[in-house]
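Have a look at upload.cif; it's mmCIF, C-alpha atoms (C1' of nucleotides):
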data_data
#
loop_
_atom_site.label_atom_id
_atom_site.label_comp_id
_atom_site.auth_asym_id
_atom_site.auth_seq_id
_atom_site.Cartn_x
_atom_site.Cartn_y
_atom_site.Cartn_z
CA MET A 1 -29.61 -21.98 -63.98
CA VAL A 2 -27.23 -20.08 -65.87
CA SER A 3 -24.53 -19.07 -63.64
CA GLY A 4 -23.77 -15.52 -64.10
CA ARG A 5 -21.34 -14.73 -66.69
CA ASP A 6 -21.64 -17.39 -69.25
CA ARG A 7 -23.22 -15.09 -71.56
CA PRO A 8 -20.90 -14.90 -74.46
CA GLY A 9 -20.61 -18.00 -76.41
CA ALA A 10 -23.99 -19.23 -75.58
CA GLN A 11 -26.36 -17.38 -77.78
CA ALA A 12 -26.60 -19.34 -80.80
CA LEU A 13 -26.50 -16.84 -83.13
CA PRO A 14 -27.51 -15.01 -85.76
CA ALA A 15 -26.38 -17.17 -88.35
CA GLY A 16 -28.48 -16.23 -91.23
CA ALA A 17 -29.45 -13.09 -89.54
CA ALA A 18 -29.20 -9.75 -91.05
CA GLY A 19 -25.58 -9.06 -91.31
CA ARG A 20 -23.47 -8.43 -88.30
CA ASN A 21 -22.61 -11.66 -86.68
CA GLY A 22 -19.72 -13.64 -87.76
CA GLU A 23 -17.33 -12.87 -85.02
CA ALA A 24 -17.40 -14.39 -81.67
CA VAL A 25 -19.18 -12.28 -79.39
CA ALA A 26 -17.14 -10.82 -76.58
CA PRO A 27 -19.60 -9.00 -74.47
CA THR A 28 -17.90 -5.92 -75.61
CA ALA A 29 -19.14 -3.27 -77.77
CA ALA A 30 -18.37 -4.79 -81.03
CA GLY A 31 -20.13 -7.93 -82.03
CA ALA A 32 -22.09 -9.03 -79.05
CA GLY A 33 -25.15 -11.20 -78.90
CA PHE A 34 -28.48 -9.66 -79.59
CA ASP A 35 -29.25 -9.21 -75.95
CA LEU A 36 -26.16 -7.14 -75.41
CA MET A 37 -26.88 -5.18 -78.53
CA VAL A 38 -30.31 -4.48 -77.25
CA LEU A 39 -28.93 -3.34 -73.93
CA ARG A 40 -26.45 -1.01 -75.53
CA SER A 41 -29.09 0.44 -77.74
CA MET A 42 -31.45 0.96 -74.89
CA ARG A 43 -28.92 2.80 -72.80
CA ARG A 44 -28.02 5.05 -75.66
CA ILE A 45 -31.66 5.73 -76.27
CA ILE A 46 -32.13 6.58 -72.64
CA ARG A 47 -29.27 8.98 -72.85
CA CYS A 48 -30.66 10.68 -75.92
CA VAL A 49 -34.05 11.01 -74.35
CA ASP A 50 -32.47 12.60 -71.34
CA MET A 51 -30.38 15.01 -73.32
CA TYR A 52 -33.32 16.02 -75.39
CA SER A 53 -35.29 16.59 -72.26
CA LYS A 54 -32.75 19.13 -71.09
CA GLN A 55 -32.83 20.96 -74.36
CA LEU A 56 -36.56 20.98 -74.22
CA GLU A 57 -36.36 22.49 -70.79
CA MET A 58 -34.12 25.28 -72.00
CA HIS A 59 -36.51 26.11 -74.70
CA SER A 60 -39.94 25.50 -73.27
CA HIS A 61 -39.30 25.55 -69.56
CA VAL A 62 -40.62 22.06 -69.17
CA THR A 63 -38.79 18.78 -69.34
CA ALA A 64 -39.96 15.78 -71.29
CA PRO A 65 -41.47 13.97 -68.30
CA GLN A 66 -43.22 17.16 -67.27
CA LEU A 67 -44.61 17.63 -70.74
CA ILE A 68 -45.74 14.06 -70.93
CA CYS A 69 -47.62 14.46 -67.70
CA LEU A 70 -49.06 17.76 -68.77
CA LEU A 71 -50.33 16.27 -71.99
CA ALA A 72 -51.94 13.43 -70.09
CA ILE A 73 -53.58 15.90 -67.76
CA VAL A 74 -54.86 18.19 -70.48
CA GLU A 75 -56.24 15.29 -72.35
CA ARG A 76 -58.31 14.16 -69.43
CA VAL A 77 -59.16 17.61 -68.19
CA SER A 78 -58.92 16.43 -64.62
CA ILE A 79 -57.20 13.38 -63.24
CA SER A 80 -56.09 12.06 -59.89
CA ALA A 81 -52.42 11.89 -59.12
CA GLY A 82 -52.42 8.15 -58.76
CA LEU A 83 -54.23 7.57 -61.98
CA LEU A 84 -51.84 9.88 -63.73
CA ALA A 85 -48.99 7.81 -62.40
CA LYS A 86 -50.48 4.71 -63.95
CA GLU A 87 -51.23 6.52 -67.14
CA VAL A 88 -47.68 7.65 -67.74
CA HIS A 89 -46.06 4.61 -66.18
CA LEU A 90 -44.28 6.36 -63.37
CA SER A 91 -44.42 5.69 -59.67
CA PRO A 92 -46.58 7.92 -57.49
CA SER A 93 -43.58 9.35 -55.72
CA THR A 94 -42.07 10.44 -59.00
CA ILE A 95 -45.31 12.08 -60.00
CA VAL A 96 -45.34 14.21 -56.89
CA GLY A 97 -42.06 15.85 -57.81
CA ILE A 98 -43.09 16.46 -61.37
CA LEU A 99 -46.40 17.90 -60.26
CA ASP A 100 -44.63 20.13 -57.76
CA ARG A 101 -42.54 21.68 -60.50
CA LEU A 102 -45.43 21.91 -62.90
CA GLU A 103 -47.51 23.63 -60.26
CA GLU A 104 -44.71 25.93 -59.25
CA LYS A 105 -44.49 27.11 -62.82
CA GLY A 106 -48.21 27.61 -62.95
CA PHE A 107 -49.08 25.01 -65.53
CA VAL A 108 -51.27 22.86 -63.33
CA ALA A 109 -53.29 23.19 -60.16
CA ARG A 110 -53.95 20.63 -57.49
CA SER A 111 -57.04 20.39 -55.38
CA ARG A 112 -58.16 17.96 -52.75
CA GLY A 113 -61.22 15.97 -53.57
CA ILE A 114 -64.38 17.08 -51.81
CA GLU A 115 -66.09 13.78 -51.76
CA ASP A 116 -63.03 11.74 -51.01
CA ARG A 117 -60.44 13.91 -49.41
CA ARG A 118 -57.64 11.47 -49.96
CA ILE A 119 -57.45 12.00 -53.62
CA VAL A 120 -55.90 14.97 -55.34
CA HIS A 121 -57.36 16.25 -58.56
CA VAL A 122 -54.98 17.77 -61.03
CA ARG A 123 -56.08 20.27 -63.66
CA ALA A 124 -54.13 22.23 -66.19
CA THR A 125 -54.26 25.99 -65.98
CA ASP A 126 -54.80 28.13 -69.07
CA ARG A 127 -51.09 28.52 -69.36
CA GLY A 128 -50.73 24.80 -69.09
CA VAL A 129 -53.22 24.17 -71.84
CA ALA A 130 -51.53 26.75 -74.01
CA LEU A 131 -48.17 25.10 -73.49
CA ALA A 132 -49.58 21.69 -74.24
CA ASN A 133 -50.93 22.99 -77.49
CA SER A 134 -47.79 24.70 -78.59
CA ALA A 135 -44.89 22.70 -77.25
CA PRO A 136 -43.01 20.42 -79.55
CA SER A 137 -43.45 16.72 -79.34
CA PRO A 138 -42.19 15.32 -76.09
CA LEU A 139 -40.25 13.00 -78.27
CA GLN A 140 -37.32 14.22 -80.19
CA GLN A 141 -38.78 16.23 -82.94
CA ARG A 142 -36.02 14.87 -85.00
CA LEU A 143 -36.70 11.31 -84.12
CA ALA A 144 -40.31 11.93 -84.95
CA ASP A 145 -39.31 13.46 -88.26
CA GLY A 146 -36.76 10.81 -89.00
CA LEU A 147 -39.34 8.22 -88.23
CA LYS A 148 -41.83 9.85 -90.49
CA ARG A 149 -39.41 9.81 -93.33
CA LEU A 150 -39.00 6.07 -93.16
CA PRO A 151 -41.24 3.82 -95.11
CA VAL A 152 -44.34 3.04 -93.20
CA ASP A 153 -43.61 -0.63 -92.87
CA GLU A 154 -40.26 0.23 -91.37
CA GLN A 155 -41.98 2.49 -88.88
CA ALA A 156 -44.32 -0.29 -88.00
CA ARG A 157 -41.47 -2.69 -87.59
CA ILE A 158 -39.69 -0.39 -85.20
CA ALA A 159 -42.74 0.34 -83.14
CA GLU A 160 -43.54 -3.30 -82.97
CA ALA A 161 -40.05 -4.34 -82.00
CA LEU A 162 -40.07 -1.87 -79.16
CA GLU A 163 -43.37 -3.11 -77.90
CA ARG A 164 -42.03 -6.57 -78.05
CA VAL A 165 -39.19 -5.54 -75.79
CA VAL A 166 -41.57 -3.86 -73.39
CA GLU A 167 -43.62 -7.01 -73.34
CA LEU A 168 -40.63 -9.11 -72.51
CA MET A 169 -39.52 -6.79 -69.78
CA GLU A 170 -42.84 -6.18 -68.18
CA ALA A 171 -44.00 -9.75 -68.38
CA GLN A 172 -41.28 -10.61 -65.95
CA HIS A 173 -41.97 -8.40 -63.07
CA ILE A 174 -45.63 -9.11 -63.18
CA ASP A 175 -45.17 -12.68 -62.20
CA SER A 176 -42.63 -11.09 -59.97
CA ALA A 177 -40.75 -14.32 -60.01
CA PRO A 178 -37.29 -14.81 -58.63
CA ILE A 179 -35.49 -11.92 -60.01
CA LEU A 180 -31.93 -12.76 -59.72
CA GLU A 181 -31.40 -16.18 -58.37
CA THR A 182 -29.46 -16.85 -61.44
CA GLY A 183 -26.08 -15.49 -60.57
CA PRO A 184 -24.71 -15.78 -57.10
CA LEU A 185 -22.65 -12.89 -55.97
CA VAL A 186 -18.95 -12.93 -55.70
CA ARG A 187 -18.14 -16.34 -56.94
CA PRO A 188 -18.97 -19.43 -54.95
CA MET Q 1 -23.66 2.48 -90.27
CA VAL Q 2 -26.89 1.51 -91.69
CA SER Q 3 -27.47 -1.99 -92.53
CA GLY Q 4 -29.39 -2.45 -95.50
CA ARG Q 5 -32.14 -4.73 -95.04
CA ASP Q 6 -35.39 -4.55 -96.64
CA ARG Q 7 -38.09 -6.64 -95.37
CA PRO Q 8 -41.56 -6.19 -96.61
CA GLY Q 9 -43.69 -7.60 -93.94
CA ALA Q 10 -45.76 -4.56 -93.26
CA GLN Q 11 -47.71 -5.20 -90.17
CA ALA Q 12 -50.97 -3.94 -89.11
CA LEU Q 13 -50.60 -0.35 -88.38
CA PRO Q 14 -52.59 1.88 -86.26
CA ALA Q 15 -55.74 2.74 -87.93
CA GLY Q 16 -55.47 6.14 -89.42
CA ALA Q 17 -51.81 5.91 -88.94
CA ALA Q 18 -51.02 8.67 -91.27
CA GLY Q 19 -48.72 10.02 -88.64
CA ARG Q 20 -49.29 12.83 -86.31
CA ASN Q 21 -49.16 15.61 -88.72
CA GLY Q 22 -52.62 16.82 -88.68
CA GLU Q 23 -53.66 17.03 -85.12
CA ALA Q 24 -52.22 19.40 -82.65
CA VAL Q 25 -51.18 17.33 -79.76
CA ALA Q 26 -51.35 14.26 -77.73
CA PRO Q 27 -53.08 11.47 -79.34
CA THR Q 28 -53.61 9.07 -76.52
CA ALA Q 29 -52.12 5.76 -75.93
CA ALA Q 30 -54.59 3.99 -78.05
CA GLY Q 31 -54.51 5.00 -81.65
CA ALA Q 32 -51.46 7.18 -81.65
CA GLY Q 33 -48.93 7.59 -84.39
CA PHE Q 34 -45.85 5.48 -84.48
CA ASP Q 35 -43.73 8.13 -82.92
CA LEU Q 36 -45.96 8.28 -79.89
CA MET Q 37 -45.98 4.54 -79.67
CA VAL Q 38 -42.24 4.57 -79.79
CA LEU Q 39 -42.09 7.16 -77.07
CA ARG Q 40 -44.40 5.24 -74.83
CA SER Q 41 -42.44 2.09 -75.34
CA MET Q 42 -39.19 3.80 -74.62
CA ARG Q 43 -40.37 5.27 -71.38
CA ARG Q 44 -41.63 1.96 -70.20
CA ILE Q 45 -38.37 0.36 -71.14
CA ILE Q 46 -36.51 3.01 -69.21
CA ARG Q 47 -38.65 2.27 -66.23
CA CYS Q 48 -38.03 -1.45 -66.43
CA VAL Q 49 -34.32 -0.94 -66.76
CA ASP Q 50 -34.40 1.20 -63.70
CA MET Q 51 -36.42 -1.20 -61.66
CA TYR Q 52 -34.17 -4.04 -62.58
CA SER Q 53 -31.22 -1.96 -61.56
CA LYS Q 54 -32.60 -1.66 -58.06
CA GLN Q 55 -33.14 -5.36 -57.77
CA LEU Q 56 -29.65 -5.91 -58.98
CA GLU Q 57 -28.41 -3.56 -56.32
CA MET Q 58 -30.23 -5.44 -53.58
CA HIS Q 59 -28.70 -8.63 -54.72
CA SER Q 60 -25.22 -7.75 -55.86
CA HIS Q 61 -24.61 -4.40 -54.21
CA VAL Q 62 -24.07 -2.69 -57.51
CA THR Q 63 -26.54 -0.98 -59.76
CA ALA Q 64 -26.78 -1.57 -63.48
CA PRO Q 65 -24.84 1.56 -64.44
CA GLN Q 66 -22.17 0.64 -61.93
CA LEU Q 67 -21.94 -2.87 -63.25
CA ILE Q 68 -21.76 -1.70 -66.81
CA CYS Q 69 -18.88 0.56 -65.93
CA LEU Q 70 -17.17 -2.13 -63.93
CA LEU Q 71 -17.38 -4.55 -66.81
CA ALA Q 72 -15.93 -1.99 -69.15
CA ILE Q 73 -13.09 -1.34 -66.73
CA VAL Q 74 -12.29 -5.00 -66.13
CA GLU Q 75 -12.28 -5.67 -69.79
CA ARG Q 76 -9.68 -3.05 -70.44
CA VAL Q 77 -7.73 -3.62 -67.26
CA SER Q 78 -7.04 0.09 -66.98
CA ILE Q 79 -8.84 2.97 -68.56
CA SER Q 80 -9.06 6.70 -68.14
CA ALA Q 81 -12.20 8.23 -66.76
CA GLY Q 82 -12.93 10.16 -69.89
CA LEU Q 83 -12.47 7.20 -72.14
CA LEU Q 84 -14.73 5.17 -69.94
CA ALA Q 85 -17.37 7.82 -70.31
CA LYS Q 86 -17.20 7.50 -74.06
CA GLU Q 87 -17.16 3.76 -73.86
CA VAL Q 88 -20.35 3.47 -71.89
CA HIS Q 89 -22.00 6.51 -73.43
CA LEU Q 90 -22.34 8.57 -70.32
CA SER Q 91 -21.20 12.09 -69.61
CA PRO Q 92 -18.01 12.64 -67.63
CA SER Q 93 -19.89 14.12 -64.74
CA THR Q 94 -22.06 11.08 -64.46
CA ILE Q 95 -19.03 8.84 -64.48
CA VAL Q 96 -17.53 10.64 -61.54
CA GLY Q 97 -20.45 9.76 -59.32
CA ILE Q 98 -20.51 6.16 -60.41
CA LEU Q 99 -16.78 5.84 -59.89
CA ASP Q 100 -17.10 7.41 -56.46
CA ARG Q 101 -19.55 4.78 -55.37
CA LEU Q 102 -17.63 1.96 -56.99
CA GLU Q 103 -14.47 3.10 -55.27
CA GLU Q 104 -16.17 3.53 -51.96
CA LYS Q 105 -17.29 -0.06 -52.13
CA GLY Q 106 -13.80 -1.17 -52.99
CA PHE Q 107 -14.44 -2.43 -56.49
CA VAL Q 108 -12.19 -0.03 -58.32
CA ALA Q 109 -9.22 2.21 -57.60
CA ARG Q 110 -8.34 5.55 -59.12
CA SER Q 111 -4.85 6.87 -59.60
CA ARG Q 112 -3.50 10.00 -61.18
CA GLY Q 113 -1.35 9.54 -64.23
CA ILE Q 114 2.36 9.97 -63.73
CA GLU Q 115 3.20 11.11 -67.14
CA ASP Q 116 0.17 13.28 -67.65
CA ARG Q 117 -1.20 14.27 -64.32
CA ARG Q 118 -4.54 15.36 -65.66
CA ILE Q 119 -5.52 11.84 -66.45
CA VAL Q 120 -7.08 9.51 -63.91
CA HIS Q 121 -6.53 5.82 -64.44
CA VAL Q 122 -9.18 3.47 -63.19
CA ARG Q 123 -8.45 -0.13 -62.35
CA ALA Q 124 -10.65 -2.84 -60.85
CA THR Q 125 -9.62 -4.34 -57.55
CA ASP Q 126 -9.63 -8.10 -57.00
CA ARG Q 127 -13.05 -7.78 -55.51
CA GLY Q 128 -14.14 -5.83 -58.52
CA VAL Q 129 -12.89 -8.48 -60.89
CA ALA Q 130 -14.59 -11.17 -58.84
CA LEU Q 131 -17.84 -9.31 -58.96
CA ALA Q 132 -17.57 -8.72 -62.66
CA ASN Q 133 -17.09 -12.43 -63.17
CA SER Q 134 -19.98 -13.51 -61.05
CA ALA Q 135 -22.66 -10.88 -61.32
CA PRO Q 136 -25.65 -11.52 -63.49
CA SER Q 137 -26.03 -9.82 -66.79
CA PRO Q 138 -26.49 -6.11 -66.49
CA LEU Q 139 -29.49 -6.66 -68.65
CA GLN Q 140 -32.56 -8.25 -67.31
CA GLN Q 141 -31.77 -11.88 -67.23
CA ARG Q 142 -35.30 -12.39 -68.16
CA LEU Q 143 -35.20 -10.08 -71.11
CA ALA Q 144 -32.11 -11.89 -72.24
CA ASP Q 145 -33.85 -15.20 -71.82
CA GLY Q 146 -37.04 -14.04 -73.40
CA LEU Q 147 -35.06 -12.70 -76.27
CA LYS Q 148 -33.25 -15.95 -76.69
CA ARG Q 149 -36.48 -17.82 -76.90
CA LEU Q 150 -37.66 -15.82 -79.84
CA PRO Q 151 -36.91 -16.92 -83.35
CA VAL Q 152 -33.57 -15.65 -84.45
CA ASP Q 153 -34.88 -13.46 -87.18
CA GLU Q 154 -37.19 -11.84 -84.69
CA GLN Q 155 -34.23 -11.17 -82.43
CA ALA Q 156 -32.42 -9.65 -85.32
CA ARG Q 157 -35.37 -7.51 -86.18
CA ILE Q 158 -35.62 -6.18 -82.69
CA ALA Q 159 -31.94 -5.45 -82.34
CA GLU Q 160 -31.93 -3.77 -85.65
CA ALA Q 161 -34.97 -1.68 -84.98
CA LEU Q 162 -33.40 -0.41 -81.80
CA GLU Q 163 -30.23 0.50 -83.56
CA ARG Q 164 -32.26 2.30 -86.08
CA VAL Q 165 -33.78 4.39 -83.36
CA VAL Q 166 -30.40 5.11 -81.85
CA GLU Q 167 -29.20 6.16 -85.26
CA LEU Q 168 -32.06 8.53 -85.69
CA MET Q 169 -31.63 10.02 -82.28
CA GLU Q 170 -27.90 10.37 -82.29
CA ALA Q 171 -27.67 11.62 -85.82
CA GLN Q 172 -29.57 14.65 -84.74
CA HIS Q 173 -27.50 16.00 -82.01
CA ILE Q 174 -24.35 15.51 -83.93
CA ASP Q 175 -25.23 18.10 -86.48
CA SER Q 176 -26.53 19.85 -83.43
CA ALA Q 177 -28.96 21.64 -85.64
CA PRO Q 178 -31.76 23.78 -84.38
CA ILE Q 179 -33.18 21.68 -81.68
CA LEU Q 180 -36.58 22.98 -81.22
CA GLU Q 181 -37.47 25.66 -83.62
CA THR Q 182 -40.51 23.73 -84.47
CA GLY Q 183 -42.86 24.71 -81.74
CA PRO Q 184 -42.85 28.16 -80.27
CA LEU Q 185 -43.42 28.36 -76.59
CA VAL Q 186 -46.58 29.35 -74.89
CA ARG Q 187 -48.67 30.31 -77.78
CA PRO Q 188 -47.86 33.38 -79.73
"C1'" DC R 1 -69.53 4.35 -32.70
"C1'" DT R 2 -64.90 2.56 -32.45
"C1'" DG R 3 -61.15 0.69 -34.43
"C1'" DC R 4 -58.72 -1.76 -38.04
"C1'" DG R 5 -57.13 -2.23 -42.51
"C1'" DA R 6 -56.94 -0.35 -47.15
"C1'" DT R 7 -56.04 3.55 -50.14
"C1'" DC R 8 -54.06 7.94 -51.67
"C1'" DA R 9 -50.74 11.33 -51.57
"C1'" DT R 10 -46.57 12.86 -49.76
"C1'" DT R 11 -41.85 12.88 -47.59
"C1'" DC R 12 -37.30 10.98 -47.26
"C1'" DG R 13 -33.19 8.80 -48.75
"C1'" DT R 14 -30.34 7.20 -52.56
"C1'" DA R 15 -28.85 6.93 -57.22
"C1'" DC R 16 -28.43 8.47 -61.89
"C1'" DT R 17 -28.22 12.08 -65.39
"C1'" DG R 18 -26.14 16.01 -67.91
"C1'" DA R 19 -24.92 21.12 -68.35
"C1'" DA R 20 -22.16 24.65 -66.67
"C1'" DA R 21 -18.62 26.34 -63.94
"C1'" DC R 22 -14.13 25.46 -61.88
"C1'" DT R 23 -9.22 23.48 -60.89
"C1'" DT R 24 -5.22 21.59 -62.34
"C1'" DT R 25 -2.15 20.39 -65.82
"C1'" DT R 26 -0.50 20.28 -70.49
"C1'" DT R 27 0.06 22.28 -75.00
"C1'" DT R 28 0.07 25.95 -78.13
"C1'" DT R 29 0.89 30.53 -79.35
"C1'" DA R 30 2.93 35.03 -79.35
"C1'" DT W 1 9.63 32.17 -71.81
"C1'" DA W 2 5.13 34.07 -70.67
"C1'" DA W 3 0.46 34.10 -71.79
"C1'" DA W 4 -3.36 31.94 -73.86
"C1'" DA W 5 -5.85 27.95 -75.15
"C1'" DA W 6 -7.11 23.30 -74.60
"C1'" DA W 7 -7.85 19.12 -72.05
"C1'" DA W 8 -9.09 16.10 -68.03
"C1'" DG W 9 -11.42 15.46 -64.09
"C1'" DT W 10 -14.33 17.25 -60.61
"C1'" DT W 11 -18.00 20.09 -58.33
"C1'" DT W 12 -22.38 22.15 -58.31
"C1'" DC W 13 -27.06 22.24 -59.43
"C1'" DA W 14 -31.57 20.87 -60.99
"C1'" DG W 15 -34.34 17.17 -62.52
"C1'" DT W 16 -35.81 12.24 -62.77
"C1'" DA W 17 -36.71 7.95 -60.65
"C1'" DC W 18 -38.00 4.47 -57.15
"C1'" DG W 19 -38.94 2.13 -52.62
"C1'" DA W 20 -39.94 2.63 -47.84
"C1'" DA W 21 -42.00 5.02 -44.35
"C1'" DT W 22 -45.70 8.58 -43.00
"C1'" DG W 23 -49.94 10.96 -42.55
"C1'" DA W 24 -54.53 11.53 -43.76
"C1'" DT W 25 -58.82 9.62 -44.98
"C1'" DC W 26 -62.16 6.21 -46.12
"C1'" DG W 27 -64.79 1.73 -45.51
"C1'" DC W 28 -66.14 -1.83 -43.04
"C1'" DA W 29 -66.57 -5.10 -39.07
"C1'" DG W 30 -67.87 -5.51 -34.60
#

Mind converting the file's structure to structure tokens?
Amino acid sequence: MVSGRDRPGAQALPAGAAGRNGEAVAPTAAGAGFDLMVLRSMRRIIRCVDMYSKQLEMHSHVTAPQLICLLAIVERVSISAGLLAKEVHLSPSTIVGILDRLEEKGFVARSRGIEDRRIVHVRATDRGVALANSAPSPLQQRLADGLKRLPVDEQARIAEALERVVELMEAQHIDSAPILETGPLVRP
Amino acid sequence: MVSGRDRPGAQALPAGAAGRNGEAVAPTAAGAGFDLMVLRSMRRIIRCVDMYSKQLEMHSHVTAPQLICLLAIVERVSISAGLLAKEVHLSPSTIVGILDRLEEKGFVARSRGIEDRRIVHVRATDRGVALANSAPSPLQQRLADGLKRLPVDEQARIAEALERVVELMEAQHIDSAPILETGPLVRP
DNA sequence: CTGCGATCATTCGTACTGAAACTTTTTTTA
DNA sequence: TAAAAAAAGTTTCAGTACGAATGATCGCAG
């Protein structure tokens, strides 16, 4: 059961692995186990994504999440809010806020379904379509560029590694198993 | 920092992978370029991290960002707010909020510097130290476990790929070059 | 036809996130 | 030394994100 904080030494480690390993782990920044490295990387990535989103907003008047949604909408011409949520992997309640702002700025329009009045159909306006066609990639242009400059097999490796991580993370909460029974709080 | 590895291994890539140069926008989930795949993966990762954070909060009364900060504080015994921000890669304004909540719950204490009164020193309380020692990994336990179960070279590949992405993303906004001059807004 | 449960969107509350503006304090400059 | 600049933390503001609770609507059983 892994009691909480045993983390460090455990991880067998990266012996022959690519480079960085030798030293003994300390969950710190420096030479941690792969899991900690992955965590650090992910948080920095999150931060970058967020910062880029704000720059994007300055420039294009839409944030990255908004643009992602807009692209998904344009692509499908018309889509229900709930389906959109699934499509972009956000919760319905998050979608509402994004749609509110997108609508407020005149990029999309909502309309209640006629047949089934529960569902809300979302369409992009002309302005919305125009923006979708002209806005930069919702991903860092620079990351996209940087990525493109790498050898293709390196690109593939990166994409694959990320999907692997997603797999690992999503697998878990599908079989919504015991999430945290591993580490009791405040020391027994 | 780089890390020179060079592994052939090319894996199956998306069909006409050629990258998203040609087409205007939004290739869908399916056969998108690597950059889009990367983006999709990242957003799903972000979502998982967030969801885990909420479960962590239910269980341990701290969120992932809070725990990450707490761990960084405990490790250094005492640290200034600004340094902490750098350490965990968050902006100072974000740190303030996290510290507020951590302090409110009695896990850390802030005190103005005597020598230099601009500086705020943050220390963990006994409770904070106890929590840091008993809380589960700030990373999904399950991701950590899943990761551990993979072959070591796979782990290395994943960790490295992520660092590669971080490199690409952070490199950019250091030379804070033109962020978005690539795509003009709303159609000229 | 009535009512009950399921479904869809929304609202509400909380947390995280960073930029910009501001306050206080220290350091540098004139 | 007085004024200006720089530094540290905080506040303010807008956006993202989710779960829980609501409100509306649909579908189906009785």

Nearest candidate to Val166 in chain Q (options A:Val62, A:Leu147, A:Lys86, A:Arg118; using all atoms listed in the file):
A:Leu147

Please expand the PyMOL selection byres ((chain Q and resi 127) around 10) into the concrete residues it hits in this file, giving the result as number ranges by chain.
A: 186; Q: 105-108, 124-126, 128-133

Exactly which residues make up the result of the PyMOL selection byres ((chain R and resi 11-26) around 7) on this file, given as a ChimeraX atom specification?
/A:51 /Q:91,94,117-118 /R:10,27

So how many Å separate CA of Arg110 in chain Q and CA of Arg123 in chain Q, to one decimal?
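Interatomic distance here is 6.5 Å.
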
Find the spatial neighbours of DC28 in chain W, counting all atoms listed in the file, within a cut-off of 12 Å - ignore same-chain residues fewer than 3 positions away - and output them as number ranges by chain.
R: 2-6

Residues of chain A near chain R: apply a cut-off of 9 Å, count only C-alpha atoms (C1' of nucleotides), and supply the list as a PyMOL selection string.
chain A and resi 47+50-51+54+81-82+92-93+96+118-120

Residues within 12 Å of (-28.3, 0.4, -74.4), file coords, only C-alpha atoms (C1' of nucleotides), listed as an MDAnalysis selection string
(chainID A and resid 29 34:48) or (chainID Q and resid 42 45:46 49 64:65 68 87:90 138:140 159 162:163 165:166)

What does the distance from CA of Ser111 in chain A to CA of Ser80 in chain A come to in Å, to one decimal?
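These atoms are spaced 9.5 Å apart.
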
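Atom to atom, CA of Arg101 in chain Q and CA of Leu56 in chain Q stand 15.1 Å apart.
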
Within 9 Å of chain A, which residues of chain W are there when counting all atoms listed in the file? Please give them as number ranges by chain.
W: 15-18, 24-26

Let me see the file: selected residues, C-alpha atoms (C1' of nucleotides), as a compact mmCIF listing (two decimals), in the coordinates of the input.
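What landed in out.txt:
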# COMPACT_ATOMS: atom_id res chain seq x y z
C1' DG W 15 -34.34 17.17 -62.52
C1' DT W 16 -35.81 12.24 -62.77
C1' DA W 17 -36.71 7.95 -60.65
C1' DC W 18 -38.00 4.47 -57.15
C1' DA W 24 -54.53 11.53 -43.76
C1' DT W 25 -58.82 9.62 -44.98
C1' DC W 26 -62.16 6.21 -46.12

Quick one: of Q:Ile114, Q:Val77, Q:Leu71, Q:Leu84, who's nearest to chain A, counting only C-alpha atoms?
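Ranking Q:Ile114, Q:Val77, Q:Leu71, Q:Leu84 by distance to chain A, first place goes to Q:Leu71.
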
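Each of A:Arg157, A:Arg149, A:His121, A:Arg112 was checked against chain Q using only C-alpha atoms; the smallest atom-to-atom distance is that of A:Arg157.
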
Taking into account all atoms listed in the file, which residue in the set Q:Glu167, Q:Asp153, Q:Glu115, Q:Glu57 is nearest to chain A?
Q:Asp153
